[in-house]
Structure formats: structure tokens, C-alpha cells
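Novice: Would you mind keeping the following structure in view while I ask a few things?
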Amino acid sequence: MSRELDVVIPVFVAELSEQLVRMSDALLSLEGRAPDAEAQQIANGFMRDAHSVKGTSASLGFADLATLAHAIEDRVAPVRDGQATLDAGLVGTLLAALEALRTRADALAERGSDTPEAAEPVAEVTRRLREAVTTAAEPGSGASTPKTEDASARRPEPSDEEELLRVPRRSLSRLSQHLDSLRLLRGRAGARVEGLGSAEKEVLAVARRLGDVRLQRDLRRKLGALKRLLREDEALLADTARELDGDLRSIQLVPLATLLQPLRSGARAHARKVGKKVQVVIERGEIQIDRRLFESMRDPLVHLLRNSVDHGLEDAEARAAVGKPEEGTITLRAELSVDHLTLEIADDGRGVDAARVRAHAISRGVLGAAEAEALGDEGARALIFRPGFSTAESITETSGRGVGLDVVASELARLGGRVELRTEPGQGTTFSLRVPLTLASEQVFLVEVAGRRVAVPLAAVERVRRVRVEELRQVLGDPALPLEDTEVRLVSLAQALGLPTWEAPRQTFPALVLRAPDGRRVAVRVDRVVGVYDAVTRPLLRELSGLAHLAGIADLGDGQHLFVLNDRPLYGAPSASVSRSASRTVLVVDDSVTTRALHRRVLETAGYKVLVAGNGEEGLKVLEREAVDLVVSDLEMPLLDGHAMLQRLRGSPKLARIPTVLVSSLERESSKASGAARLADAYVNKAAYERGGLLDTVKQLLERSAR
Amino acid sequence: MNRRALAPEAVRQLLRERAQRVARKLGEEVQVEPYALFERAGQLFGVPQPCARACWSSEALFEVPGAPRWISGAASGDGLLVSVVDLAALYELPRAGARDLDAVLVVEAGGRMVGVACEAMLGMRELEVDLIRSSPEPRGALLRRASFGVQTVQLIDVEALFADERLNGKGA
């Protein structure tokens, strides 16, 4: 599997899980329902998800999943068009199809690769779905209910293995303790094998001295058998401990999107209750975090989300008056570093008005007029975290009671984290929650240097190069590696880690090119590249926290612990000379988080700065506030599709010249795609998606626009 | 052990005083406290039993690249991961008699844990409370000492050890 797929498949699985939940709900709502406007709307939402599954599957190369999604679309399209209803039998078949998608995705996530056996159930349910279509096509049925003869197509009952259980957290803690005990037992068993080995030698020596050959043989046989049995027990204990460890981890590490989903639903429900229209977007939902860590952040998150709905977002009338879409957007964004998780709640509302906060603080007696005036705008805004402060015009169920943001701040402090506020009047507010990680899964790049293995965060690795000594240059006395249109400083990882620095004279050696988020790069010489591993990473132990060259400790799951390099000190001071590609910004607009992650990965690896948006509306907002050199967009998206976005983009004097690439699962010549394709500078079919193809297209368009 | 040569009379005097100190009537109850005792750099150290969480073999120890000399490494076991401190280096104790590390004693206080590098683990021993004295030359967490047979045990105040700024990210 390619590096892109390694990273994107977990995203695909997480996104698919969400889509399948929505699709199942929609099917159950549609079962037996007569055609009406609401049914058509539900079916329309279902079709959008099915279409997204089809496109994403095709772009990842899972043609059979795309075919199944297409078959699902075919069955529900008449409902969307108001020409049919779904009976229980067909709903059963469709649910079985969704189950097949889920099972296949789980298998992909678990094994990380595709197998013919895993593809079989998908093919089977696709065939059943197609046969159901054939059977249902009754001449002259018109708007009648399509029938199916698939007797097995009942709503799937979860099997024992699939049944979900709610488990108290303390039970998980106890399981962890049992695992520790098991490891101890395994250690003891190992020690007993050693002890038995020593005893065997002594006993055999005595038997030799007695000169009894038969006794020696008997003892050797019996003790040997006992030792073998003990070794087998030790191995069994080791295997059991390893499996239990893996299972416990998989229980405790959950994609963030899954954890945030109920909060998203809650925020939307709350918005409906207070009469506001809100869409809640989750970015980087593929990140897996310790469920316990999330639970500890749940209350602050819920409060901030409700705060954004109540106070951040204006009502539809006020938004329309200032030219904003009636529907407000709250974006939940996550970033994972080796030792911290940052969760951002960003709204596109009115922002926090420092003058209003100041006035309110004076009126509430939080501080005096002179004191309030002496505060800068930033200081004034920070008052919202003071106990008893509230600027709500009206008291709602959860906010405006003067209890809240101070609790959020103290809760974050309790977790060893902090909350920060960024705001722009009229544009919106972002609350940033930063907490130290207790446990997080991360991919690391293992290298060997001076006889030790060291983990490098995969996110920092731009590429791996075999370097020939003669290609190195000297820049300001330091060796530098030429890379495309720039030279990158080369440092020795052994030296950076304070390890013995003797390096054998070699004509070639491997080097990692590391890239900081701000585009700075450094090449790092290593002795050997081992490969990419999944690891559970933990923050650096307190006693080691002064070691600036280390960022954390990685547990590879086999009992091995490795230190994770902190790449930040290696980049040196920010430099003005960054490569041309690193200075170009590409905006990816796609409603599929998987496709966004795939494009981001491909483009960032090539050195581009990547911004993302979930639909055309969001894309235009990004284009208004950021300098974007090129847009890669999907065609079919909710709110504002790719075609409408391109029309608005081409109609804007400021944005019209930005090159655009459309990536869609529709054929270019299809009626839906052809209009949009004419507005775009390039068109890429998702089914024929290739990493190199997209990169070449982007590069060519950027070169053309630079001329 | 760091011994000075004493005159025979001085030795006899010391032994007499010690005998008077440790002597007790038959059946008299002696107050004792349990300590985990271990050796490092030829000296004997003790950790109060409630603070001694676990003892691992030195196989649990692994290197921390670029660590200061008072960090012997890190160690993992029983689902825990700890830094391992070398008391001899931390308190610049004489290293005569230092041998290879044999074990890691995990000490705990206030929910925090650290490993202590040991050359030999002697196990749990009861020390007589009457024989525990303030150390004449206190260093960091080595504030008290006790007599154990003919030997002297340096008693480790685990909270004072944790308060050392070098173990809190400073001076590494």
C-alpha cells in the first residue's frame, strides 16, 4: 500500500462510519413512507452520502466498493425523484449492502490491505441488489412500491461479535491492571525457566558424579520436558498479554470524528432550539485519541460549542444584514503533536467585541472603569474567562448565567492544558483548547543512528533520500543538500542527539528531509532507515523534560520503547529562502474528509501549503481571506457545489485568475460535469485518480500562471 | 564503605557507646520501620517501604540519548514507564566500589514515580527507629541515616528527591 493510502485509509474508514450511520438512519426513515417532499429531502441526503462513498472509493482504487455504492444510488434515486417508496425487503437489502461496506472498511482498517476474501461479500450483496432491481422493475408500476424477492434481505441483526456494549471506564482500568499482572506472571515464568535450567545442570552434575547413566538420561528427559512445557506457558502468557494489550489499545483509541459526532448533533439540536441555522464541520477527524482524554475534555467542549451557538453566531436576520450566509458555520478542528492535542472551535459569527466586554465588566462590577480602560483589547477580551462574567443579552439554558468560560479555563488547567481565544470583530471567534496527551497513536519513522533506534514523527518527514557525498555543497561552512530549487542544511542526527559522532566514511548515506509547518526544511543524516511503524506515543517523562532534542516516547507494542526526536530545534532560525513549491498555497474543496486528507497528503508531501474547505461556500470564504495560488475542488458538494463555486470565482475580479482543477467521479462529458469542466482549467476523474497525475496538473497550472 | 583508621582505644569506645545505645532489656518492644535497602557505588541506601513501588531487573533499563549523567536511562515494566536516576551521580558521591547496575527500584510519592539505579537489591529490612539520625552532611534527599548492623544506611526522602530541580526539567 502506498504511503498516501497508509495515512488515508483510517480517514476513509472514519468518514465511512459516519456516512453509514446517516445512511442507515435515512433508510429506516424512508421504509414504507409514501413519496412526499420530506421523503425526497431525506433520500437526497442519502444520495449525497452514497455518491461521496462512490467517489472516494473510486479515487482510493476500491472499484468494487464504488460499484456497490453506485448500485445503492440506483435503488434510492427513484425515491429521491418522488417516483417510488422503499418496502421493508428492499430496505433490508440496502442495509445489508451498508453492512457489507462497513465490514469491508473494517477489514481494510485492521489489515491495512485488500484481500480477495474481503471483497467477496461486497460482490455478493452487489449482485443481490442488482437482482432486486431487476425483480422490482414491474411494467406499469409507475409510482408503486418496488418489490424484492430477496427473502434473506431482512434488517441485519447484529451478531454477537458485532454487538456494542457500554462498558464502565473503571472496568477498562481494571483490565489494564490485569494486563500488568499478566506481564508480571510472564516475567516470573521466564525467571522460573532460567531457575529450572540452573537446577537441571546441578542435578545432572550429581547424577554424573554417581556414574548412573540411566538416571542421567531419565533426569535429562524429564527435566527437558518440564522446561519445554514451562517455555510454552511463558510464550502463551506473552502472546496473551500482547493480544490483550492490543485489544485494550484499540478500545481506548478512537477516531476523533466518532467522539465528536454526538457533540455535533447536540450543537445542531441546540441551534434549532434557539432558532439559529448552524452547520458543524469536523476537520482532521481521523486523528485517534485516548477515549479517556476526550472524556475529560467533553464538558468544556460542549460548553464552548453551545457558547458559539448562543453568543458567537448571529441570528439569520443579523447575518443576512451583514452579507453572511443565513447558516452559520462552526468548525471543530484538531491537531495532534507528539505531546499535545489541540482542539479548536471556530465560528464565523460576530467575534468578541472588546469594548462591549469592557463595558459589561464595569457594569457587573468585575473591575473599575479606570482599570478596564487600562486594559488593552486583548486583556479586555480575556475578561470573559473571569468567574461570574457573562455578556449574554438573554439567559439561556446553558449560557448567560455567568457560569461557564471560567469553568472551561479551570477545567483545562486541571488537565494541564490551557484555553486561548482568537477573534476578529465581524469575522468570528476561535477557542483553542490545548491539552497534554496521555496516550495517542501516531505513525513514526524509525531510523538507526550510532547503533540506536530513534523514532521521527512521520508528519515531519517530507522525503527520504540516498545522498552521495559528492553532491553535497557548503553553505556558510555547513554541508547542504541540493533539493530542486533550494539547498537544505544537512545535520548529523547522532550529533543532534548527543551520541558518539564518529561516522564511518561512506560514499552514500540515507538522509531524511524534514519539514516544519512553516516550510523550513532540514536534511538529517542517519545510518539506516528502518521503516514506518504505528506507535503509541507518550509525552516525555518529567525528569527528561529539559532534553530539547527529544519530544516523547514511542511504544511499538512489542515491549520496545524508543525516543521520539523533537525536530523543531533542527530547523534553526526561520529562513527567507524556502523552495518555490513550499511558498505556493493550494486550496482543496471537497465534502469528503477522506478525499481532503488524500489530496492534502499528496500536495503537502510535494511541498505545497494546503488549505481545506468542506464545500463551495466555505471555499469562497477561505479564498476571501487567504492568498491561494490554486484550487482543487470536488464537483458535487452540499450547500454550494463545485460548479456554482467556480461561477462565483470566475465572476470575482479578485479571484477570477486563480487556476482551478476539478476532481469528480462524474464523467467529464456528463451533463452535470460538462458545464463546470468548461469553467475549470483542468478536470481529473476520481476513478482515474493518480497521485502523480494530480501533482503534474497542479505543477503545470502553477507554472503557467506564474508566466 | 568509607572508613577511617581509628586507634584501638577509640574503636573500643565507639563500640561501647553503640552497645549502650542498642542494648535493651529482654522482651522490651522495639519500634521499627520497614525500608527497601539497596546498594549503589558501594554505599547502602534505604527507601521507606510505602514509597517502594516495584523492583525490576536491569533488563528493563534502556538508554536515553543525550541524557545528563544523573539519568541512567528509562525503564519500563508492569505497564509503567519511568526515568531512572543515578543517586551517585546526582549527589556526586564517591564512586569507589561502583559495579554494573543490577536492578531498578521504582519509588513513588504523591502519584509520581521514578526509578533509582541499584547495583544490588537487598530487599525489605526493618530499621530501628531509635537508630535513625539526621545526616551530619545532608545532600539533597539524603537527609537522614540509620545503623543497620555494622553498616550505615543513607535514607532517601522521596519527596525531597522529587523536588530536586534537576528532576523537574531544569539543568538537564
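To be explicit about the labels: the chains of the C-alpha cells are called A, B, and onward in the order shown, and within each one the residues are counted from 1, while ligands get numbers from 1 in the order they are shown.
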Using only C-alpha atoms, which protein or nucleic acid residues come within 12 Å of Arg657 (chain A)? Drop anything in the same chain fewer than 4 positions from it, and give the result as a PyMOL selection string.

Specialist: chain A and resi 628-631+646+649-653+679-681+701-702+704-706

Novice: As a PyMOL selection string, could you give me every residue of chain B near chain A (at most 12 Å apart, counting only C-alpha atoms)?

Specialist: chain B and resi 54-57+59-85+112-115+161-172

Novice: Taking only region 451-532 of chain A into account, list the residues labelled alpha helix (DSSP H) by DSSP (computed from the backbone), as a list of chain:residue names.

Specialist: A:Leu493, A:Ala494, A:Gln495, A:Ala496

Novice: I'd like to know which residues of chain B are strand (DSSP E or B) (by DSSP, run on the backbone); could you write them as a PyMOL selection string?

Specialist: chain B and resi 32-40+43-48+52-57+61-62+71-77+80-85+103-109+112-118+120-128+132-139+142-148+151-156

Novice: Distance CA of Leu101 (chain A)-CA of Val11 (chain A), one decimal place?

Specialist: 14.8 Å

Novice: Report as a list in words all protein, DNA and RNA residues lying within 10 Å of Ser147 (chain B), evaluated on only C-alpha atoms, omitting residues in the same chain fewer than 5 positions from it.

Specialist: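 Using only C-alpha atoms, the neighbours found are Arg18, Val22, Leu127, Glu128, Val129, Asp130, Leu131, Ile132, Arg133, Thr152, Val153 and Gln154 of chain B.
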
Novice: Quote the spacing between CA of Leu37 (chain B) and CA of Ala10 (chain B) in Å to one decimal place.

Specialist: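 Interatomic distance, CA of Leu37 (chain B) to CA of Ala10 (chain B): 29.2 Å.
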
Novice: Which polymer residues have any atom within 12 Å of an atom of region 479-483 of chain A, counting only C-alpha atoms, with same-chain residues fewer than 3 positions away left out, as a ChimeraX atom specification?

Specialist: /A:462-476,486-492,510-513,521-525,578-581,606-607

Novice: So which residues touch Ala382 (chain A) within 12 Å, counting only C-alpha atoms, skipping near sequence neighbours fewer than 4 positions away, as a list in words?

Specialist: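 Close residues of Ala382 (chain A): Val352, Asp353, Ala354, Val357, Arg358, Ala361, Ala372, Leu375, Gly376, Asp377, Glu378, Arg386, Pro387, Phe389, Leu405, Asp406, Ala409, Val419, Glu420, Leu421, Arg422, Thr423 and Phe431 of chain A.
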
Novice: Quick one: residues within 12 Å of Gly123 (chain B), only C-alpha atoms counted, chain neighbours fewer than 5 positions away excluded, as JSON, numbers by chain?

Specialist: {"B": [34, 35, 36, 37, 38, 39, 44, 45, 46, 47, 48, 49, 52, 54, 55, 103, 105, 118]}

Novice: For region 234-238 of chain A, work out the shell of residues within 8 Å, counting only C-alpha atoms and skipping chain neighbours fewer than 2 positions away, then give it as a PyMOL selection string.

Specialist: chain A and resi 182-183+185-186+189-190+230-232+240-242

Novice: Given only C-alpha atoms as the basis, pick out the residue of B:Ala117, B:Leu14, B:Val104, B:Ala88 nearest to Ala141 (chain B).

Specialist: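 Smallest distance to Ala141 (chain B) is found for B:Ala88.
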